[in-house]
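> Submitted below is the structure of interest, expressed as structure tokens.
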Amino acid sequence: MKIKVCGLKDPENIKAVAALKPDYMGFINYGLTPRFIGNLPVNVLQGLPQSIQKTGVFVNDSLENIGGLIKEYGFDVVQLHGYENPEFCEVLKKRVTVIKAFGMEEDFNFAQLEPYVGHVDYFLFDTKTPKHGGSGKTFNWQILHKYTLDVPFFLSGGLSPDNIEQVLTIKHPQFYGVDLNSKFETSPGIKDLEKLSKAFELLRQSATNEI
Ligand SMILES: O=C(O)c1ccccc1NCC(=O)[C@H](O)[C@H](O)COP(=O)(O)O
């Protein structure tokens with residue numbers, strides 16, 4: 001089970017979270033969230049261990065802007081939270097790993113994901129929100145059983161210390177990783193190290209049990 005921590009913005013907090021060795025760390029390049037990285041110095045990301053996939057998160061941004069930020073920050077991965085189409089994803093996939101996020105709701109039509117197959121590396125299933133992400137709310141995980149494509153996915157949306165054990169009971173062949181954000185914070189963009197450490201322990205313990 002891969003672990004992604006999203007929505008980091010403070011240099012000291014980023015270093016402390018990196019020491020826990022998540023598989024992915026997400027940096028949000030979207031001005032309308034309190035988790036926006038703003039003018040985060042590039043050397044903060046350059047100092048991260050190679051094992052951590054540095055993920056730039058974008059919402060309906062231009063290819064030109066995303067390309068510039070990939071170069072500036074050295075993002076290994078882009079995560080797209082807007083209405084980006086398969087052709088847009090394909091352009092980025094030639095350069096970096098692409099995660100395409102979708103907002104889940106009860107009657108979500110999984111057929112709309114089919115055109116993305118081959119043009120993205122992963123899907124990320126988040127809770128639908130007009131803010132495009134960071135809702136802190138879960139969706140009905142039962143609907144994941146309707147997902148039958150062979151693109152692996154991250155589970156996102158309101159994952160918390162209170163539901164992480166329940167997350168571990170989800171069985172799906174494409175369940176690739178979890179995305180931890182607002183329920184593991186002391187304030188927006190500042191992650192709670194104690195809550196994260198405990199969740200990492202549970203997630204890693206479960207991975208060991210599966211072998
Ligand atoms: O977290 C945000 O504020 C955010 C805003 C706009 C687009 C994406 C955003 N976050 C991206 C993520 O991957 C979050 O982890 C995901 O939305 C789940 O957040 P949460 O429900 O708070 O766990």
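Chain lettering (A, B, ...) mirrors the order of the structure tokens, residue numbering begins at 1 for each chain separately, and ligand numbering begins at 1 in order of display.
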At a cut-off of 8 Å around ligand 1, and using only C-alpha atoms and all ligand atoms, what residues come up? Please write them as a PyMOL selection string.
chain A and resi 5-7+26+28+30+32-36+57-59+79+81-82+101+124+126-127+131-138+156-160+179-183+188
> How about saving the chosen residues, N, CA and C atoms kept, as a short mmCIF file (atom, residue, chain, number, x, y, z; two decimals), in the first residue's frame?

```
data_model
loop_
_atom_site.label_atom_id
_atom_site.label_comp_id
_atom_site.auth_asym_id
_atom_site.auth_seq_id
_atom_site.Cartn_x
_atom_site.Cartn_y
_atom_site.Cartn_z
N VAL A 5 1.13 11.78 1.14
CA VAL A 5 0.71 12.86 2.02
C VAL A 5 0.58 14.10 1.15
N CYS A 6 -0.57 14.72 1.19
CA CYS A 6 -0.82 15.84 0.26
C CYS A 6 -1.02 17.16 1.02
N GLY A 7 -0.74 18.25 0.31
CA GLY A 7 -1.06 19.58 0.84
C GLY A 7 -0.05 20.12 1.83
N GLY A 26 2.59 15.65 -1.80
CA GLY A 26 1.86 16.50 -2.74
C GLY A 26 1.97 17.98 -2.39
N ILE A 28 0.51 21.72 -3.55
CA ILE A 28 -0.64 22.23 -4.30
C ILE A 28 -0.36 23.60 -4.92
N TYR A 30 -2.33 25.82 -6.51
CA TYR A 30 -3.69 26.31 -6.79
C TYR A 30 -3.98 27.37 -5.73
N LEU A 32 -6.50 28.99 -4.73
CA LEU A 32 -7.75 29.10 -3.99
C LEU A 32 -7.87 28.10 -2.83
N THR A 33 -6.74 27.56 -2.38
CA THR A 33 -6.79 26.69 -1.19
C THR A 33 -5.78 27.21 -0.17
N PRO A 34 -6.07 27.04 1.12
CA PRO A 34 -5.10 27.45 2.14
C PRO A 34 -3.84 26.57 2.13
N ARG A 35 -3.85 25.53 1.29
CA ARG A 35 -2.67 24.65 1.18
C ARG A 35 -1.78 25.02 -0.01
N PHE A 36 -2.08 26.15 -0.64
CA PHE A 36 -1.28 26.64 -1.78
C PHE A 36 0.18 26.83 -1.35
N VAL A 57 0.34 19.34 -7.59
CA VAL A 57 -1.11 19.23 -7.73
C VAL A 57 -1.64 20.48 -8.42
N PHE A 58 -2.47 20.28 -9.46
CA PHE A 58 -2.95 21.41 -10.27
C PHE A 58 -4.46 21.30 -10.49
N VAL A 59 -5.08 22.48 -10.69
CA VAL A 59 -6.52 22.52 -10.99
C VAL A 59 -6.72 23.40 -12.22
N GLN A 79 -0.61 15.73 -10.43
CA GLN A 79 -1.93 15.26 -10.03
C GLN A 79 -2.91 16.33 -10.47
N HIS A 81 -6.63 17.93 -10.77
CA HIS A 81 -7.91 17.95 -10.03
C HIS A 81 -9.01 18.73 -10.71
N GLY A 82 -8.82 19.11 -11.98
CA GLY A 82 -9.86 19.89 -12.65
C GLY A 82 -10.53 19.08 -13.73
N ALA A 101 -7.35 12.98 -10.90
CA ALA A 101 -8.31 12.90 -9.79
C ALA A 101 -9.74 13.06 -10.31
N LEU A 124 -7.12 8.98 -8.99
CA LEU A 124 -7.26 9.28 -7.56
C LEU A 124 -8.73 9.56 -7.34
N ASP A 126 -11.45 10.90 -5.12
CA ASP A 126 -11.62 11.88 -4.04
C ASP A 126 -13.13 12.12 -3.85
N THR A 127 -13.49 12.81 -2.79
CA THR A 127 -14.90 13.17 -2.59
C THR A 127 -15.22 14.41 -3.42
N LYS A 131 -14.76 22.79 -4.34
CA LYS A 131 -13.41 23.33 -4.12
C LYS A 131 -12.33 22.49 -4.80
N HIS A 132 -12.74 21.42 -5.48
CA HIS A 132 -11.84 20.53 -6.25
C HIS A 132 -10.99 19.60 -5.39
N GLY A 133 -10.98 19.76 -4.09
CA GLY A 133 -10.20 18.86 -3.23
C GLY A 133 -10.17 19.39 -1.81
N GLY A 134 -9.61 18.57 -0.92
CA GLY A 134 -9.44 19.00 0.47
C GLY A 134 -10.75 19.15 1.23
N SER A 135 -11.77 18.36 0.88
CA SER A 135 -13.09 18.50 1.55
C SER A 135 -13.07 17.99 2.99
N GLY A 136 -12.18 17.02 3.27
CA GLY A 136 -12.17 16.40 4.59
C GLY A 136 -13.33 15.43 4.77
N LYS A 137 -14.03 15.13 3.66
CA LYS A 137 -15.19 14.24 3.74
C LYS A 137 -14.94 12.95 2.96
N THR A 138 -15.47 11.85 3.48
CA THR A 138 -15.36 10.58 2.77
C THR A 138 -16.52 10.45 1.78
N SER A 156 -8.83 8.61 -1.70
CA SER A 156 -8.65 9.92 -1.09
C SER A 156 -10.00 10.41 -0.56
N GLY A 157 -9.97 11.58 0.10
CA GLY A 157 -11.20 12.18 0.60
C GLY A 157 -11.51 11.80 2.03
N GLY A 158 -11.12 12.68 2.94
CA GLY A 158 -11.50 12.52 4.34
C GLY A 158 -10.87 11.34 5.07
N LEU A 159 -9.77 10.79 4.53
CA LEU A 159 -9.12 9.70 5.27
C LEU A 159 -8.57 10.30 6.56
N SER A 160 -8.75 9.56 7.66
CA SER A 160 -8.44 10.15 8.97
C SER A 160 -7.95 9.08 9.94
N ASP A 179 -4.28 8.50 0.21
CA ASP A 179 -3.90 9.91 0.14
C ASP A 179 -4.37 10.60 1.42
N LEU A 180 -3.42 11.08 2.21
CA LEU A 180 -3.75 11.65 3.53
C LEU A 180 -3.58 13.17 3.47
N ASN A 181 -4.60 13.88 3.97
CA ASN A 181 -4.51 15.34 3.89
C ASN A 181 -5.11 16.02 5.12
N SER A 182 -6.26 16.66 4.97
CA SER A 182 -6.72 17.61 5.99
C SER A 182 -7.00 17.02 7.37
N LYS A 183 -7.28 15.73 7.44
CA LYS A 183 -7.57 15.12 8.75
C LYS A 183 -6.29 14.76 9.50
N PRO A 188 -4.37 24.24 8.28
CA PRO A 188 -4.30 23.92 6.85
C PRO A 188 -2.86 23.98 6.30
#
```
> Taking 2 positions as the minimum chain separation for residues in the same chain, which residues sit within 7 Å of Val178 in chain A when counting only C-alpha atoms? Answer as a PyMOL selection string.
chain A and resi 2-4+154-156+180
> Keeping only C-alpha atoms, write the selected residues as a tab-separated table (two decimals), in the first residue's frame.

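To be explicit, this is the file written out as out-v2.tsv:
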```
chain	number	residue	atom	x	y	z
A	2	LYS	CA	1.57	3.28	-1.13
A	3	ILE	CA	1.25	6.32	1.13
A	4	LYS	CA	0.80	9.82	-0.25
A	154	PHE	CA	-5.34	6.12	-4.85
A	155	LEU	CA	-8.17	6.38	-2.34
A	156	SER	CA	-8.65	9.92	-1.09
A	180	LEU	CA	-3.75	11.65	3.53
```
> Which residue out of A:Val77, A:Val167, A:Val151, A:Lys128 has the minimum interatomic distance to Asp107 in chain A when only C-alpha atoms are used?
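Selected residue with least distance to Asp107 in chain A: A:Lys128.
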> Which one of A:Pro161, A:Pro22, A:Gly177, A:Gly189 sits closest to Pro49 in chain A if you count only C-alpha atoms?
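The answer is A:Pro22, which sits nearest to Pro49 in chain A.
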> Give me, as a list of chain:residue names, all polymer residues having an atom no more than 10 Å from range 67-74 of chain A, counting only C-alpha atoms and skipping those fewer than 6 positions away in the same chain.
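In the requested form, the answer reads A:Phe27, A:Asn29, A:Leu40, A:Pro41, A:Val42, A:Asn43, A:Val44, A:Leu45, A:Gln46, A:Gln53, A:Lys54, A:Thr55, A:Gly56, A:Leu92, A:Arg95, A:Val96.
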> Could the residues in this selection be written to a file with C-alpha atoms, as an mmCIF file, in the first residue's frame?

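Output below, filename out_35.cif:
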```
data_model
loop_
_atom_site.group_PDB
_atom_site.id
_atom_site.type_symbol
_atom_site.label_atom_id
_atom_site.label_comp_id
_atom_site.auth_asym_id
_atom_site.auth_seq_id
_atom_site.Cartn_x
_atom_site.Cartn_y
_atom_site.Cartn_z
ATOM 1 C CA PHE A 27 2.413 20.242 -3.248
ATOM 2 C CA ASN A 29 -0.225 24.831 -7.034
ATOM 3 C CA LEU A 40 7.892 27.843 -1.473
ATOM 4 C CA PRO A 41 11.683 27.897 -2.093
ATOM 5 C CA VAL A 42 12.694 25.269 -4.664
ATOM 6 C CA ASN A 43 15.604 24.023 -2.527
ATOM 7 C CA VAL A 44 13.113 22.624 0.007
ATOM 8 C CA LEU A 45 11.972 20.071 -2.576
ATOM 9 C CA GLN A 46 15.456 19.534 -3.980
ATOM 10 C CA GLN A 53 7.795 11.066 -5.485
ATOM 11 C CA LYS A 54 7.410 14.845 -5.536
ATOM 12 C CA THR A 55 3.903 15.508 -6.767
ATOM 13 C CA GLY A 56 2.659 18.834 -8.124
ATOM 14 C CA LEU A 92 2.169 15.521 -19.500
ATOM 15 C CA ARG A 95 7.307 13.865 -19.265
ATOM 16 C CA VAL A 96 6.146 12.758 -15.790
#
```
> Using DSSP assignments from the backbone, pull out every residue in range 150-210 of chain A that falls under helix (DSSP H, G or I) and give it to me as a compact mmCIF listing (two decimals) with N, CA, C and O atoms, in the first residue's frame.

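Output below, filename result-v7.txt:
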```txt
# COMPACT_ATOMS: atom_id res chain seq x y z
N ILE A 164 -8.84 4.99 9.25
CA ILE A 164 -7.76 4.36 8.50
C ILE A 164 -7.80 2.82 8.62
O ILE A 164 -7.47 2.10 7.66
N GLU A 165 -8.25 2.33 9.78
CA GLU A 165 -8.33 0.87 9.92
C GLU A 165 -9.41 0.28 9.03
O GLU A 165 -9.25 -0.80 8.45
N GLN A 166 -10.49 1.06 8.87
CA GLN A 166 -11.57 0.61 7.98
C GLN A 166 -11.09 0.62 6.52
O GLN A 166 -11.46 -0.25 5.73
N VAL A 167 -10.25 1.60 6.19
CA VAL A 167 -9.68 1.68 4.82
C VAL A 167 -8.95 0.39 4.50
O VAL A 167 -9.02 -0.13 3.38
N SER A 182 -6.26 16.66 4.97
CA SER A 182 -6.72 17.61 5.99
C SER A 182 -7.00 17.02 7.37
O SER A 182 -6.96 17.75 8.37
N LYS A 183 -7.28 15.73 7.44
CA LYS A 183 -7.57 15.12 8.75
C LYS A 183 -6.29 14.76 9.50
O LYS A 183 -6.35 14.20 10.59
N PHE A 184 -5.15 15.09 8.88
CA PHE A 184 -3.85 14.84 9.53
C PHE A 184 -3.10 16.17 9.66
O PHE A 184 -1.91 16.25 9.38
N LEU A 193 2.45 15.38 12.88
CA LEU A 193 3.42 14.27 12.76
C LEU A 193 3.00 13.05 13.57
O LEU A 193 3.22 11.91 13.14
N GLU A 194 2.39 13.30 14.72
CA GLU A 194 2.00 12.17 15.55
C GLU A 194 0.88 11.37 14.89
O GLU A 194 0.94 10.13 14.80
N LYS A 195 -0.11 12.10 14.35
CA LYS A 195 -1.21 11.39 13.67
C LYS A 195 -0.69 10.64 12.45
O LYS A 195 -1.10 9.52 12.17
N LEU A 196 0.20 11.29 11.71
CA LEU A 196 0.74 10.62 10.51
C LEU A 196 1.55 9.38 10.90
O LEU A 196 1.39 8.33 10.29
N SER A 197 2.41 9.52 11.92
CA SER A 197 3.24 8.37 12.33
C SER A 197 2.39 7.16 12.66
O SER A 197 2.70 6.04 12.25
N LYS A 198 1.31 7.41 13.41
CA LYS A 198 0.45 6.28 13.82
C LYS A 198 -0.20 5.63 12.60
O LYS A 198 -0.28 4.42 12.48
N ALA A 199 -0.66 6.48 11.66
CA ALA A 199 -1.30 5.94 10.46
C ALA A 199 -0.29 5.17 9.61
O ALA A 199 -0.59 4.08 9.10
N PHE A 200 0.93 5.70 9.49
CA PHE A 200 1.97 5.00 8.71
C PHE A 200 2.22 3.62 9.29
O PHE A 200 2.41 2.64 8.59
N GLU A 201 2.26 3.59 10.63
CA GLU A 201 2.54 2.31 11.31
C GLU A 201 1.47 1.27 10.96
O GLU A 201 1.78 0.15 10.58
N LEU A 202 0.21 1.70 11.03
CA LEU A 202 -0.89 0.78 10.72
C LEU A 202 -0.83 0.33 9.27
O LEU A 202 -0.98 -0.85 8.96
N LEU A 203 -0.60 1.30 8.37
CA LEU A 203 -0.59 0.98 6.93
C LEU A 203 0.56 0.04 6.59
O LEU A 203 0.41 -0.90 5.82
N ARG A 204 1.70 0.29 7.21
CA ARG A 204 2.87 -0.55 6.89
C ARG A 204 2.76 -1.92 7.54
O ARG A 204 3.21 -2.91 6.97
N GLN A 205 2.16 -1.95 8.71
CA GLN A 205 1.94 -3.22 9.39
C GLN A 205 1.05 -4.10 8.53
O GLN A 205 1.31 -5.28 8.32
N SER A 206 0.02 -3.49 7.97
CA SER A 206 -0.93 -4.25 7.15
C SER A 206 -0.23 -4.77 5.89
O SER A 206 -0.46 -5.89 5.47
N ALA A 207 0.67 -3.95 5.30
CA ALA A 207 1.39 -4.39 4.10
C ALA A 207 2.24 -5.60 4.44
O ALA A 207 2.31 -6.56 3.67
N THR A 208 2.86 -5.61 5.62
CA THR A 208 3.70 -6.74 6.03
C THR A 208 2.85 -8.00 6.17
O THR A 208 3.23 -9.08 5.76
N ASN A 209 1.64 -7.81 6.75
CA ASN A 209 0.77 -8.97 6.96
C ASN A 209 0.33 -9.61 5.65
O ASN A 209 0.01 -10.79 5.61
N GLU A 210 0.29 -8.80 4.58
CA GLU A 210 -0.18 -9.32 3.29
C GLU A 210 0.85 -10.23 2.62
O GLU A 210 0.51 -11.01 1.76
```
> Tell me which of A:Met25, A:Ile190, A:Cys89, A:Ala16 sits closest to Asn60 in chain A, counting only C-alpha atoms.
A:Cys89
